[in-house]
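File shown: protein29.txt (compact mmCIF, C-alpha atoms).
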# COMPACT_ATOMS: atom_id res chain seq x y z
CA MET G 1114 18.31 145.43 -80.69
CA ARG G 1115 20.95 148.10 -81.12
CA TYR G 1116 21.79 149.48 -84.55
CA GLN G 1117 25.44 150.47 -84.64
CA LEU G 1118 25.85 152.16 -88.00
CA GLY G 1119 28.49 154.31 -89.62
CA LEU G 1120 30.45 155.52 -92.59
CA ILE G 1121 33.99 154.91 -93.78
CA GLY G 1122 35.75 157.38 -96.03
CA TYR G 1123 38.75 159.66 -96.17
CA PRO G 1124 38.05 162.39 -95.31
CA ALA G 1125 34.75 161.76 -93.52
CA ALA G 1126 34.08 164.73 -91.23
CA HIS G 1127 32.17 166.67 -93.91
CA SER G 1128 29.53 163.94 -94.40
CA LEU G 1129 25.84 164.69 -93.86
CA SER G 1130 25.10 161.00 -93.28
CA PRO G 1131 25.55 161.04 -89.48
CA PRO G 1132 22.87 163.67 -88.79
CA MET G 1133 20.53 162.08 -91.37
CA HIS G 1134 20.73 158.59 -89.89
CA ARG G 1135 20.74 159.68 -86.26
CA ALA G 1136 17.55 161.62 -86.95
CA ALA G 1137 16.01 158.56 -88.63
CA LEU G 1138 16.89 156.28 -85.70
CA GLN G 1139 15.43 158.76 -83.23
CA ALA G 1140 12.26 159.30 -85.28
CA LEU G 1141 11.53 155.56 -85.30
CA GLY G 1142 12.50 155.05 -81.67
CA LEU G 1143 15.36 152.68 -82.55
CA ASP G 1144 18.34 152.26 -80.25
CA GLY G 1145 21.56 152.99 -82.08
CA ASP G 1146 24.06 155.49 -83.38
CA TYR G 1147 25.82 156.45 -86.61
CA THR G 1148 29.45 157.50 -86.63
CA ALA G 1149 31.76 158.74 -89.38
CA LEU G 1150 35.10 156.95 -89.46
CA ALA G 1151 38.03 158.59 -91.26
CA VAL G 1152 39.84 155.56 -92.69
CA GLN G 1153 43.04 155.99 -94.67
CA PRO G 1154 43.43 153.59 -97.62
CA GLU G 1155 46.14 151.55 -95.91
CA CYS G 1156 43.80 150.95 -92.95
CA LEU G 1157 40.75 149.94 -95.00
CA SER G 1158 41.22 146.17 -94.87
CA ALA G 1159 41.71 146.01 -91.11
CA THR G 1160 38.78 148.35 -90.44
CA VAL G 1161 36.34 146.44 -92.63
CA ARG G 1162 37.29 143.05 -91.21
CA GLU G 1163 36.73 144.34 -87.66
CA LEU G 1164 33.15 145.48 -88.32
CA PRO G 1165 31.36 142.30 -87.12
CA ALA G 1166 33.45 142.11 -83.93
CA ARG G 1167 32.63 145.77 -83.22
CA ASP G 1168 28.89 144.96 -83.52
CA TYR G 1169 28.26 147.11 -86.57
CA ARG G 1170 25.01 146.31 -88.37
CA GLY G 1171 25.78 148.49 -91.36
CA ILE G 1172 28.26 150.88 -92.90
CA ASN G 1173 28.17 153.42 -95.70
CA VAL G 1174 31.23 153.64 -97.93
CA THR G 1175 32.35 156.82 -99.61
CA ILE G 1176 35.37 158.22 -101.47
CA PRO G 1177 37.97 156.79 -101.94
CA HIS G 1178 36.86 153.30 -100.87
CA LYS G 1179 33.82 152.40 -103.01
CA GLN G 1180 35.78 150.09 -105.30
CA ALA G 1181 38.68 149.14 -103.04
CA VAL G 1182 36.28 147.65 -100.49
CA ILE G 1183 34.87 145.04 -102.89
CA PRO G 1184 37.57 142.34 -102.46
CA LEU G 1185 37.11 142.55 -98.68
CA LEU G 1186 33.44 141.55 -98.76
CA ASP G 1187 31.70 138.18 -98.62
CA GLY G 1188 29.11 138.96 -101.28
CA LEU G 1189 27.62 141.62 -103.53
CA SER G 1190 24.11 142.56 -104.56
CA ALA G 1191 23.31 142.44 -108.26
CA SER G 1192 23.37 146.24 -108.55
CA ALA G 1193 26.72 146.59 -106.75
CA ARG G 1194 28.23 143.96 -109.03
CA ALA G 1195 26.89 145.64 -112.16
CA ILE G 1196 27.89 149.16 -111.12
CA GLY G 1197 31.26 148.02 -109.84
CA ALA G 1198 31.09 150.04 -106.64
CA VAL G 1199 29.78 149.60 -103.10
CA ASN G 1200 28.37 152.42 -100.99
CA THR G 1201 26.57 150.32 -98.37
CA ILE G 1202 27.63 147.26 -96.38
CA VAL G 1203 25.15 145.11 -94.49
CA VAL G 1204 26.55 142.88 -91.74
CA GLU G 1205 24.54 139.63 -91.76
CA HIS G 1206 25.53 136.95 -89.23
CA GLY G 1207 29.15 138.00 -89.45
CA ARG G 1208 29.16 138.19 -93.26
CA LEU G 1209 29.70 141.45 -95.09
CA ILE G 1210 27.38 142.01 -98.05
CA GLY G 1211 28.00 144.96 -100.36
CA HIS G 1212 25.18 146.96 -101.93
CA ASN G 1213 24.93 150.08 -104.06
CA THR G 1214 21.99 152.31 -103.15
CA ASP G 1215 23.03 155.24 -105.35
CA ALA G 1216 21.01 153.97 -108.31
CA VAL G 1217 17.88 153.61 -106.16
CA GLY G 1218 18.45 157.04 -104.65
CA PHE G 1219 18.84 158.60 -108.09
CA GLY G 1220 15.64 156.98 -109.35
CA CYS G 1221 13.61 157.97 -106.29
CA ALA G 1222 14.52 161.61 -106.77
CA LEU G 1223 13.31 161.46 -110.37
CA ALA G 1224 10.08 159.78 -109.28
CA ARG G 1225 9.52 162.52 -106.71
CA VAL G 1226 9.17 165.10 -109.50
CA GLY G 1227 7.11 162.74 -111.68
CA TYR G 1228 9.74 162.04 -114.34
CA GLU G 1229 9.44 158.62 -116.01
CA PRO G 1230 12.69 157.62 -117.79
CA ARG G 1231 11.27 154.84 -119.98
CA GLY G 1232 11.65 155.73 -123.63
CA GLN G 1233 13.24 159.09 -122.85
CA ALA G 1234 16.61 160.38 -124.07
CA ALA G 1235 19.05 161.31 -121.31
CA LEU G 1236 22.48 162.95 -121.38
CA VAL G 1237 24.89 162.05 -118.55
CA LEU G 1238 27.93 164.28 -118.02
CA GLY G 1239 30.88 162.42 -116.50
CA ALA G 1240 32.07 158.83 -116.37
CA GLY G 1241 33.13 158.24 -112.77
CA GLY G 1242 31.57 156.11 -110.04
CA ALA G 1243 28.49 158.29 -109.65
CA ALA G 1244 27.98 158.27 -113.41
CA ARG G 1245 28.05 154.46 -113.41
CA ALA G 1246 25.22 154.35 -110.88
CA VAL G 1247 23.22 156.93 -112.84
CA VAL G 1248 23.66 155.21 -116.21
CA TYR G 1249 22.81 151.85 -114.64
CA ALA G 1250 19.61 153.29 -113.13
CA LEU G 1251 18.54 154.97 -116.35
CA THR G 1252 19.23 152.02 -118.65
CA GLN G 1253 17.48 149.67 -116.22
CA ALA G 1254 14.49 152.02 -116.35
CA GLY G 1255 14.42 151.91 -120.15
CA ALA G 1256 15.95 155.29 -121.02
CA HIS G 1257 18.17 155.93 -124.04
CA VAL G 1258 21.39 157.22 -122.50
CA THR G 1259 24.23 159.25 -124.01
CA VAL G 1260 27.43 159.70 -121.98
CA TRP G 1261 29.89 162.54 -122.35
CA ASN G 1262 33.21 162.81 -120.53
CA ARG G 1263 36.33 164.91 -121.02
CA THR G 1264 38.28 161.65 -121.41
CA ARG G 1265 36.55 160.04 -124.36
CA GLU G 1266 37.84 156.53 -123.63
CA ARG G 1267 36.15 156.52 -120.22
CA ALA G 1268 32.85 157.57 -121.73
CA GLU G 1269 33.12 154.82 -124.34
CA GLN G 1270 33.89 152.18 -121.70
CA LEU G 1271 30.96 153.25 -119.53
CA ALA G 1272 28.65 153.25 -122.53
CA ARG G 1273 29.76 149.74 -123.52
CA ASP G 1274 29.21 148.44 -120.00
CA PHE G 1275 25.56 149.46 -119.93
CA GLY G 1276 24.45 149.55 -123.55
CA ALA G 1277 24.51 153.33 -123.78
CA THR G 1278 25.99 155.68 -126.39
CA ALA G 1279 29.17 157.72 -125.99
CA ALA G 1280 29.30 161.28 -127.29
CA THR G 1281 32.59 162.15 -128.97
CA ARG G 1282 32.28 165.84 -128.08
CA LEU G 1283 30.15 168.03 -125.86
CA LEU G 1284 27.03 168.54 -127.84
CA PRO G 1285 26.22 172.03 -129.09
CA LEU G 1286 23.41 173.66 -127.20
CA ALA G 1287 21.07 173.40 -130.17
CA ARG G 1288 21.33 169.60 -130.06
CA CYS G 1289 20.69 169.43 -126.32
CA GLY G 1290 17.03 169.86 -127.10
CA GLN G 1291 16.92 166.19 -128.03
CA PHE G 1292 17.37 165.23 -124.35
CA SER G 1293 14.50 165.39 -121.87
CA LEU G 1294 16.93 164.79 -118.99
CA ILE G 1295 20.46 166.07 -118.41
CA VAL G 1296 22.45 164.80 -115.42
CA ASN G 1297 25.68 166.30 -114.14
CA THR G 1298 27.78 163.74 -112.26
CA THR G 1299 30.99 165.80 -112.44
CA PRO G 1300 32.25 168.05 -109.59
CA VAL G 1301 31.96 171.17 -111.78
CA GLY G 1302 29.97 173.76 -109.84
CA MET G 1303 30.85 172.34 -106.44
CA ALA G 1304 31.99 174.76 -103.73
CA PRO G 1305 34.31 176.63 -103.81
CA ASP G 1306 34.03 176.81 -107.64
CA GLU G 1307 30.34 177.64 -107.40
CA GLY G 1308 30.14 179.49 -110.68
CA GLY G 1309 31.32 176.59 -112.82
CA LEU G 1310 29.07 175.16 -115.52
CA PRO G 1311 29.56 171.63 -116.87
CA LEU G 1312 27.48 172.49 -119.92
CA PRO G 1313 27.41 175.77 -121.87
CA MET G 1314 23.97 177.28 -121.46
CA GLN G 1315 24.16 180.47 -123.53
CA GLY G 1316 21.00 181.34 -125.36
CA ARG G 1317 17.61 179.80 -124.78
CA GLY G 1318 17.66 176.73 -126.99
CA PHE G 1319 17.81 174.47 -123.95
CA GLY G 1320 15.19 171.75 -124.32
CA ALA G 1321 15.56 169.45 -121.30
CA GLN G 1322 12.51 168.95 -119.09
CA VAL G 1323 14.64 168.01 -116.09
CA VAL G 1324 18.19 168.98 -115.12
CA TYR G 1325 19.68 166.92 -112.30
CA ASP G 1326 22.93 168.05 -110.66
CA LEU G 1327 24.49 165.55 -108.26
CA VAL G 1328 26.45 168.35 -106.60
CA TYR G 1329 24.73 169.22 -103.30
CA ARG G 1330 27.02 171.96 -102.00
CA PRO G 1331 25.80 174.54 -102.86
CA ARG G 1332 22.19 173.35 -102.85
CA GLU G 1333 21.43 175.36 -105.99
CA THR G 1334 24.36 175.24 -108.38
CA ALA G 1335 24.94 177.57 -111.32
CA LEU G 1336 23.68 174.78 -113.60
CA LEU G 1337 20.41 174.52 -111.71
CA ARG G 1338 19.90 178.27 -111.72
CA GLU G 1339 20.39 178.33 -115.47
CA ALA G 1340 18.06 175.37 -115.90
CA ARG G 1341 15.34 177.07 -113.89
CA ALA G 1342 15.76 180.22 -116.00
CA VAL G 1343 14.98 178.31 -119.19
CA GLY G 1344 11.99 176.46 -117.73
CA ALA G 1345 13.53 173.10 -116.84
CA MET G 1346 12.78 171.28 -113.58
CA PRO G 1347 15.93 171.47 -111.40
CA ILE G 1348 16.89 168.62 -109.04
CA GLY G 1349 19.80 169.08 -106.65
CA GLY G 1350 22.16 166.41 -105.38
CA LEU G 1351 20.72 166.53 -101.88
CA GLU G 1352 17.77 164.46 -103.10
CA MET G 1353 19.96 161.58 -104.25
CA LEU G 1354 21.94 161.79 -101.01
CA VAL G 1355 18.78 161.53 -98.93
CA TYR G 1356 17.18 158.72 -100.93
CA GLN G 1357 20.32 156.59 -101.16
CA GLY G 1358 20.61 157.00 -97.39
CA ALA G 1359 16.98 156.00 -96.93
CA GLU G 1360 17.52 152.82 -98.96
CA ALA G 1361 20.62 151.98 -96.89
CA PHE G 1362 18.60 152.53 -93.71
CA ARG G 1363 15.94 150.12 -94.97
CA LEU G 1364 18.56 147.47 -95.74
CA TRP G 1365 20.05 147.77 -92.25
CA THR G 1366 16.87 147.96 -90.18
CA GLY G 1367 14.11 146.42 -92.28
CA ARG G 1368 12.09 149.60 -91.66
CA ASP G 1369 10.99 152.24 -94.13
CA ALA G 1370 13.12 155.31 -93.54
CA PRO G 1371 11.52 158.63 -92.51
CA VAL G 1372 12.65 160.44 -95.65
CA GLU G 1373 11.38 163.89 -94.69
CA VAL G 1374 13.11 163.67 -91.32
CA MET G 1375 16.36 162.73 -93.03
CA ARG G 1376 16.04 165.55 -95.56
CA ASP G 1377 15.36 168.11 -92.82
CA ALA G 1378 18.37 166.89 -90.84
CA ALA G 1379 20.64 167.17 -93.87
CA ILE G 1380 19.44 170.68 -94.66
CA SER G 1381 19.79 171.84 -91.06
CA HIS G 1382 23.42 170.67 -91.07
CA GLY G 1383 24.36 172.61 -94.16
CA GLY G 1384 23.07 170.43 -96.99
Mind turning the file's structure into structure tokens?
Amino acid sequence: MRYQLGLIGYPAAHSLSPPMHRAALQALGLDGDYTALAVQPECLSATVRELPARDYRGINVTIPHKQAVIPLLDGLSASARAIGAVNTIVVEHGRLIGHNTDAVGFGCALARVGYEPRGQAALVLGAGGAARAVVYALTQAGAHVTVWNRTRERAEQLARDFGATAATRLLPLARCGQFSLIVNTTPVGMAPDEGGLPLPMQGRGFGAQVVYDLVYRPRETALLREARAVGAMPIGGLEMLVYQGAEAFRLWTGRDAPVEVMRDAAISHGG
């Protein structure tokens, strides 16, 4: 059996998914390949509908197609429907089934450092697609989630969708001690603006046990450096990238993904 896998996005050349999944296929001795396809929005429908005829077994979906792809699919998993975004398509007997593995990937990275969300208070910065997956994962795990976003209406909508709370303003540092977990889902701190901070960290009143930044370029953002300086456990976005990829690989192949192999491949290619 050959596993023809890939990714659709625009742009797509920067993705670390090809080296991760090629390394996983090779490590398990599976015949196949993983290719990144740069698909402009006007070409999305035609590309997706051609996947079965081109013998694809699975496809990852990235910006800007995670929501636009939904009407083109034959079915959705419960998590993809709840989150409202698809990042993984499984081709099953010619049918296209959409999944969202971001929530699983996020949770696996937390588990790796021994953090248990149940009963904990978490602050999520941002209200975009990644934030939806994070808030879904945390509320499903029993955490008490507060969402902050520069556009208050978006934070309120996200909070309503998942039974969370919306913050009306960015909380003063002194109040951040009430959260054991802070998650940045915004692009603040991403290269080339590597010095950006999504949360003011002056002083040493920072009380979070874990700070999780979904940005993975650079691997250690300014936020994570500051978190480490005040004694919090830092988690970079590479972990979520690797674990969401591992879950997609499992859905496509039925095999447990070689996570360490995938992580090493991502790091060696600039992750």
For Pro1184 in chain G, work out the shell of residues within 12 Å, counting all atoms listed in the file and skipping chain neighbours fewer than 3 positions away, then give it as a PyMOL selection string. chain G and resi 1157-1158+1161-1162+1178-1181+1187-1189+1194+1197-1199+1209-1211
Using all atoms listed in the file, which of the listed residues (G:Ala1234, G:Val1260, G:Val1374, G:Gly1350) sits closest to Arg1273 in chain G?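 The shortest atom-to-atom distance to Arg1273 in chain G comes from G:Val1260.
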Which residue, G:Gly1242, G:Gly1122, G:Gly1220, G:Pro1300, has the smallest gap to Ile1348 in chain G when you use all atoms listed in the file?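 Of the candidates, the smallest distance to Ile1348 in chain G is held by G:Gly1220.
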Test item: residues at most 12 Å from His1127 in chain G, only C-alpha atoms, excluding those fewer than 5 positions along its chain, as number ranges by chain: G: 1120-1122, 1132, 1149-1151, 1175-1176, 1330, 1379, 1382-1384
Excluding Gln1117 in chain G and residues on its chain fewer than 3 positions from it, collect all residues at most 12 Å away from it, counting all atoms listed in the file, and give them as a ChimeraX atom specification. /G:1114,1120,1131,1134-1135,1138,1143-1149,1164-1173,1203-1204,1362,1365-1366
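Checking G:Val1174, G:Leu1238, G:Ala1250, G:Ile1183 one by one against Ala1268 in chain G, counting only C-alpha atoms, you find the shortest gap at G:Leu1238.
CA of Ala1340 in chain G to CA of Val1323 in chain G spans 8.1 Å [interatomic distance, one decimal].
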I want to know what sits within 8 Å of Gly1232 in chain G, based on only C-alpha atoms, with residues of the same chain fewer than 3 positions away left out; could you give that as an mmCIF file with C-alpha atoms, in the coordinates of the input?
data_model
loop_
_atom_site.group_PDB
_atom_site.id
_atom_site.type_symbol
_atom_site.label_atom_id
_atom_site.label_comp_id
_atom_site.auth_asym_id
_atom_site.auth_seq_id
_atom_site.Cartn_x
_atom_site.Cartn_y
_atom_site.Cartn_z
ATOM 1 C CA GLY G 1255 14.420 151.910 -120.150
ATOM 2 C CA ALA G 1256 15.950 155.290 -121.020
ATOM 3 C CA HIS G 1257 18.170 155.930 -124.040
#
Residue nearest Pro1124 in chain G among G:Ala1244, G:Leu1141, G:Val1152, G:Ala1361 (counting only C-alpha atoms):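 Between G:Ala1244, G:Leu1141, G:Val1152, G:Ala1361, the residue approaching Pro1124 in chain G most closely is G:Val1152.
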